[in-house]
$ cat work-v2.csv   # CSV, N, CA, C and O atoms
chain,number,residue,atom,x,y,z
A,24,MET,N,0.9,-1.2,0.0
A,24,MET,CA,0.0,0.0,0.0
A,24,MET,C,0.9,1.2,0.0
A,24,MET,O,1.8,1.3,0.8
A,25,CYS,N,0.6,2.1,-0.9
A,25,CYS,CA,1.5,3.3,-1.0
A,25,CYS,C,1.0,4.4,0.1
A,25,CYS,O,-0.1,4.3,0.6
A,26,LEU,N,1.8,5.3,0.3
A,26,LEU,CA,1.6,6.3,1.3
A,26,LEU,C,0.4,7.2,1.0
A,26,LEU,O,-0.3,7.5,2.0
A,27,SER,N,0.1,7.5,-0.2
A,27,SER,CA,-1.1,8.3,-0.5
A,27,SER,C,-2.4,7.6,-0.2
A,27,SER,O,-3.3,8.2,0.2
A,28,GLN,N,-2.4,6.3,-0.5
A,28,GLN,CA,-3.6,5.5,-0.2
A,28,GLN,C,-3.8,5.4,1.4
A,28,GLN,O,-4.9,5.6,1.8
A,29,LEU,N,-2.7,5.3,2.1
A,29,LEU,CA,-2.8,5.2,3.5
A,29,LEU,C,-3.3,6.6,4.1
A,29,LEU,O,-4.2,6.6,5.0
A,30,ALA,N,-2.8,7.7,3.6
A,30,ALA,CA,-3.2,9.0,4.0
A,30,ALA,C,-4.7,9.2,3.7
A,30,ALA,O,-5.4,9.8,4.5
A,31,SER,N,-5.2,8.8,2.5
A,31,SER,CA,-6.6,9.0,2.2
A,31,SER,C,-7.5,8.1,3.1
A,31,SER,O,-8.6,8.6,3.5
A,32,GLN,N,-7.1,6.9,3.4
A,32,GLN,CA,-7.8,6.1,4.3
A,32,GLN,C,-7.9,6.6,5.7
A,32,GLN,O,-9.0,6.6,6.3
A,33,ILE,N,-6.8,7.2,6.2
A,33,ILE,CA,-6.8,7.8,7.5
A,33,ILE,C,-7.8,9.0,7.5
A,33,ILE,O,-8.5,9.2,8.5
A,34,ALA,N,-7.7,9.8,6.4
A,34,ALA,CA,-8.6,11.0,6.4
A,34,ALA,C,-10.1,10.6,6.3
A,34,ALA,O,-10.9,11.2,7.0
A,35,VAL,N,-10.4,9.5,5.6
A,35,VAL,CA,-11.8,9.1,5.5
A,35,VAL,C,-12.3,8.6,6.9
A,35,VAL,O,-13.4,8.9,7.4
A,36,ILE,N,-11.4,7.8,7.6
A,36,ILE,CA,-11.8,7.3,8.9
A,36,ILE,C,-11.9,8.4,9.9
A,36,ILE,O,-12.9,8.4,10.7
A,37,PHE,N,-11.1,9.4,9.8
A,37,PHE,CA,-11.2,10.5,10.7
A,37,PHE,C,-12.5,11.3,10.5
A,37,PHE,O,-13.2,11.6,11.5
A,38,LEU,N,-12.8,11.5,9.3
A,38,LEU,CA,-14.1,12.2,9.0
A,38,LEU,C,-15.3,11.4,9.4
A,38,LEU,O,-16.3,11.9,10.0
A,39,LEU,N,-15.3,10.1,9.3
A,39,LEU,CA,-16.4,9.2,9.7
A,39,LEU,C,-16.5,9.3,11.2
A,39,LEU,O,-17.6,9.3,11.8
A,40,MET,N,-15.3,9.3,11.9
A,40,MET,CA,-15.4,9.4,13.4
A,40,MET,C,-16.0,10.8,13.8
A,40,MET,O,-16.8,10.8,14.8
A,41,LEU,N,-15.6,11.8,13.1
A,41,LEU,CA,-16.2,13.1,13.5
A,41,LEU,C,-17.7,13.2,13.2
A,41,LEU,O,-18.5,13.7,14.0
A,42,LEU,N,-18.1,12.6,12.1
A,42,LEU,CA,-19.6,12.5,11.8
A,42,LEU,C,-20.3,11.7,12.9
A,42,LEU,O,-21.4,12.1,13.3
A,43,GLY,N,-19.7,10.6,13.3
A,43,GLY,CA,-20.3,9.7,14.3
A,43,GLY,C,-20.4,10.4,15.6
A,43,GLY,O,-21.4,10.3,16.3
A,44,ALA,N,-19.4,11.2,16.0
A,44,ALA,CA,-19.4,11.9,17.3
A,44,ALA,C,-20.4,13.0,17.2
A,44,ALA,O,-21.2,13.2,18.2
A,45,LEU,N,-20.6,13.7,16.1
A,45,LEU,CA,-21.6,14.7,16.0
A,45,LEU,C,-23.0,14.1,16.1
A,45,LEU,O,-23.9,14.7,16.7
A,46,ALA,N,-23.2,13.0,15.3
A,46,ALA,CA,-24.5,12.4,15.3
A,46,ALA,C,-24.9,11.9,16.7
A,46,ALA,O,-26.0,12.0,17.2
A,47,ARG,N,-23.9,11.4,17.5
A,47,ARG,CA,-24.1,10.9,18.8
A,47,ARG,C,-24.5,12.0,19.8
A,47,ARG,O,-25.4,12.0,20.6
A,48,GLN,N,-23.7,13.1,19.6
A,48,GLN,CA,-24.0,14.3,20.5
A,48,GLN,C,-25.4,14.9,20.2
A,48,GLN,O,-26.0,15.4,21.1
A,49,LEU,N,-25.8,14.8,19.0
A,49,LEU,CA,-27.1,15.4,18.6
A,49,LEU,C,-28.3,14.4,18.9
A,49,LEU,O,-29.4,14.7,18.8
A,50,GLY,N,-27.9,13.2,19.4
A,50,GLY,CA,-28.9,12.2,19.7
A,50,GLY,C,-29.5,11.4,18.6
A,50,GLY,O,-30.5,10.7,18.8
A,51,PHE,N,-28.8,11.3,17.5
A,51,PHE,CA,-29.3,10.6,16.3
A,51,PHE,C,-29.0,9.1,16.4
A,51,PHE,O,-29.7,8.3,15.8
A,52,LEU,N,-28.0,8.7,17.2
A,52,LEU,CA,-27.6,7.3,17.3
A,52,LEU,C,-27.7,6.8,18.7
A,52,LEU,O,-27.2,7.4,19.7
A,53,SER,N,-28.3,5.6,18.8
A,53,SER,CA,-28.3,5.0,20.1
A,53,SER,C,-27.1,4.1,20.3
A,53,SER,O,-26.4,3.8,19.3
A,54,PRO,N,-26.7,3.6,21.5
A,54,PRO,CA,-25.6,2.8,21.7
A,54,PRO,C,-25.6,1.5,20.8
A,54,PRO,O,-24.6,1.0,20.3
A,55,THR,N,-26.8,0.9,20.7
A,55,THR,CA,-27.0,-0.3,19.8
A,55,THR,C,-26.7,0.0,18.4
A,55,THR,O,-26.0,-0.8,17.7
A,56,THR,N,-27.2,1.1,17.9
A,56,THR,CA,-26.9,1.5,16.5
A,56,THR,C,-25.4,1.8,16.3
A,56,THR,O,-24.9,1.4,15.2
A,57,ILE,N,-24.8,2.4,17.2
A,57,ILE,CA,-23.3,2.6,17.1
A,57,ILE,C,-22.6,1.3,17.0
A,57,ILE,O,-21.6,1.1,16.2
A,58,ASN,N,-23.0,0.3,17.8
A,58,ASN,CA,-22.3,-1.0,17.7
A,58,ASN,C,-22.5,-1.6,16.3
A,58,ASN,O,-21.6,-2.2,15.8
A,59,TYR,N,-23.7,-1.6,15.8
A,59,TYR,CA,-23.9,-2.1,14.5
A,59,TYR,C,-23.2,-1.4,13.4
A,59,TYR,O,-22.6,-2.0,12.5
A,60,LEU,N,-23.1,-0.1,13.5
A,60,LEU,CA,-22.3,0.7,12.5
A,60,LEU,C,-20.9,0.4,12.6
A,60,LEU,O,-20.2,0.3,11.5
A,61,THR,N,-20.3,0.2,13.8
A,61,THR,CA,-18.9,-0.1,14.0
A,61,THR,C,-18.6,-1.4,13.3
A,61,THR,O,-17.6,-1.5,12.6
A,62,ASN,N,-19.4,-2.4,13.5
A,62,ASN,CA,-19.2,-3.7,12.9
A,62,ASN,C,-19.3,-3.6,11.4
A,62,ASN,O,-18.5,-4.2,10.7
A,63,LEU,N,-20.2,-2.8,10.8
A,63,LEU,CA,-20.3,-2.7,9.4
A,63,LEU,C,-19.1,-2.0,8.8
A,63,LEU,O,-18.6,-2.4,7.8
A,64,VAL,N,-18.6,-0.9,9.4
A,64,VAL,CA,-17.5,-0.2,8.9
A,64,VAL,C,-16.2,-1.1,8.9
A,64,VAL,O,-15.5,-1.2,8.0
A,65,LEU,N,-16.0,-1.9,10.0
A,65,LEU,CA,-14.9,-2.8,10.1
A,65,LEU,C,-14.9,-3.9,9.1
A,65,LEU,O,-13.9,-4.3,8.5
A,66,TYR,N,-16.1,-4.4,8.8
A,66,TYR,CA,-16.3,-5.4,7.8
A,66,TYR,C,-15.8,-4.9,6.4
A,66,TYR,O,-15.1,-5.5,5.7
A,67,PHE,N,-16.3,-3.7,6.0
A,67,PHE,CA,-15.9,-3.1,4.7
A,67,PHE,C,-14.5,-2.7,4.7
A,67,PHE,O,-13.8,-2.9,3.6
A,68,LEU,N,-13.9,-2.3,5.8
A,68,LEU,CA,-12.5,-2.0,5.8
A,68,LEU,C,-11.6,-3.3,5.6
A,68,LEU,O,-10.6,-3.3,4.9
A,69,ARG,N,-12.1,-4.4,6.2
A,69,ARG,CA,-11.4,-5.7,6.0
A,69,ARG,C,-11.5,-6.1,4.5
A,69,ARG,O,-10.5,-6.6,3.9
A,70,LEU,N,-12.6,-5.9,3.9
A,70,LEU,CA,-12.8,-6.3,2.5
A,70,LEU,C,-11.9,-5.4,1.6
A,70,LEU,O,-11.3,-5.9,0.7
A,71,TYR,N,-11.8,-4.1,1.9
A,71,TYR,CA,-11.0,-3.2,1.1
A,71,TYR,C,-9.6,-3.5,1.2
A,71,TYR,O,-8.8,-3.5,0.2
A,72,THR,N,-9.1,-3.8,2.4
A,72,THR,CA,-7.7,-4.1,2.6
A,72,THR,C,-7.3,-5.4,2.0
A,72,THR,O,-6.1,-5.6,1.6
A,73,LYS,N,-8.2,-6.4,1.9
A,73,LYS,CA,-7.8,-7.6,1.3
A,73,LYS,C,-7.7,-7.5,-0.3
A,73,LYS,O,-7.0,-8.2,-0.9
A,74,SER,N,-8.5,-6.6,-0.8
A,74,SER,CA,-8.5,-6.5,-2.3
A,74,SER,C,-7.4,-5.6,-2.8
A,74,SER,O,-7.1,-5.7,-4.0
A,75,CYS,N,-6.7,-4.9,-2.0
A,75,CYS,CA,-5.6,-4.0,-2.5
A,75,CYS,C,-4.3,-4.8,-2.6
A,75,CYS,O,-3.9,-5.6,-2.0

$ encode --input "work-v2.csv" --output "C-alpha cells"
Amino acid sequence: MCLSQLASQIAVIFLLMLLGALARQLGFLSPTTINYLTNLVLYFLRLYTKSC
C-alpha cells in the first residue's frame, strides 16, 4: 500500500469518526446503533484491505 492510499484512508476514517461523534452528540444514534455501524465499517475495511 502506498503512502497516498494510507493517508486517504486515514482521512476518511477521521471524517467518519467526526460525523459519528456529531450524530451521537445530537442524539441521532443509540448505543446499539453505534455497535452495528462499527461492525459494518470494520467489515468493509477488511474487504477493502484484502482487495488491495

$ atom_distance --input "work-v2.csv" --atom1 "atom CA of A:Ala34" --atom2 "atom O of A:Val64"
14.1 Å

$ atom_distance --input "work-v2.csv" --atom1 "atom O of A:Met40" --atom2 "atom CA of A:Lys73"
24.5 Å

$ select_by_dssp --input "work-v2.csv" --residues "chain A" --states "helix (DSSP H, G or I)" --output "NGL selection string"
:A and (26-48 or 54-74)

$ atom_distance --input "work-v2.csv" --atom1 "atom CA of A:Ile36" --atom2 "atom CA of A:Ser53"
20.1 Å

$ residues_around --input "work-v2.csv" --residues "A:Leu68" --least-positions-apart "4" --cutoff "12 Å" --atoms "only C-alpha atoms" --output "JSON list (two decimals) with N, CA, C and O atoms, in the coordinates of the input"
[["chain", "number", "residue", "atom", "x", "y", "z"],
["A", 32, "GLN", "N", -7.10, 6.90, 3.40],
["A", 32, "GLN", "CA", -7.80, 6.10, 4.30],
["A", 32, "GLN", "C", -7.90, 6.60, 5.70],
["A", 32, "GLN", "O", -9.00, 6.60, 6.30],
["A", 33, "ILE", "N", -6.80, 7.20, 6.20],
["A", 33, "ILE", "CA", -6.80, 7.80, 7.50],
["A", 33, "ILE", "C", -7.80, 9.00, 7.50],
["A", 33, "ILE", "O", -8.50, 9.20, 8.50],
["A", 35, "VAL", "N", -10.40, 9.50, 5.60],
["A", 35, "VAL", "CA", -11.80, 9.10, 5.50],
["A", 35, "VAL", "C", -12.30, 8.60, 6.90],
["A", 35, "VAL", "O", -13.40, 8.90, 7.40],
["A", 36, "ILE", "N", -11.40, 7.80, 7.60],
["A", 36, "ILE", "CA", -11.80, 7.30, 8.90],
["A", 36, "ILE", "C", -11.90, 8.40, 9.90],
["A", 36, "ILE", "O", -12.90, 8.40, 10.70],
["A", 61, "THR", "N", -20.30, 0.20, 13.80],
["A", 61, "THR", "CA", -18.90, -0.10, 14.00],
["A", 61, "THR", "C", -18.60, -1.40, 13.30],
["A", 61, "THR", "O", -17.60, -1.50, 12.60],
["A", 62, "ASN", "N", -19.40, -2.40, 13.50],
["A", 62, "ASN", "CA", -19.20, -3.70, 12.90],
["A", 62, "ASN", "C", -19.30, -3.60, 11.40],
["A", 62, "ASN", "O", -18.50, -4.20, 10.70],
["A", 63, "LEU", "N", -20.20, -2.80, 10.80],
["A", 63, "LEU", "CA", -20.30, -2.70, 9.40],
["A", 63, "LEU", "C", -19.10, -2.00, 8.80],
["A", 63, "LEU", "O", -18.60, -2.40, 7.80],
["A", 64, "VAL", "N", -18.60, -0.90, 9.40],
["A", 64, "VAL", "CA", -17.50, -0.20, 8.90],
["A", 64, "VAL", "C", -16.20, -1.10, 8.90],
["A", 64, "VAL", "O", -15.50, -1.20, 8.00],
["A", 72, "THR", "N", -9.10, -3.80, 2.40],
["A", 72, "THR", "CA", -7.70, -4.10, 2.60],
["A", 72, "THR", "C", -7.30, -5.40, 2.00],
["A", 72, "THR", "O", -6.10, -5.60, 1.60],
["A", 73, "LYS", "N", -8.20, -6.40, 1.90],
["A", 73, "LYS", "CA", -7.80, -7.60, 1.30],
["A", 73, "LYS", "C", -7.70, -7.50, -0.30],
["A", 73, "LYS", "O", -7.00, -8.20, -0.90],
["A", 74, "SER", "N", -8.50, -6.60, -0.80],
["A", 74, "SER", "CA", -8.50, -6.50, -2.30],
["A", 74, "SER", "C", -7.40, -5.60, -2.80],
["A", 74, "SER", "O", -7.10, -5.70, -4.00],
["A", 75, "CYS", "N", -6.70, -4.90, -2.00],
["A", 75, "CYS", "CA", -5.60, -4.00, -2.50],
["A", 75, "CYS", "C", -4.30, -4.80, -2.60],
["A", 75, "CYS", "O", -3.90, -5.60, -2.00]]

$ axis_aligned_box --input "work-v2.csv" --around "stretch 41-44 of chain A" --padding-each-side "5 Å" --output "lines of an AutoDock Vina configuration file"
center_x = -18.5
center_y = 11.7
center_z = 15.0
size_x = 15.8
size_y = 14.0
size_z = 16.4
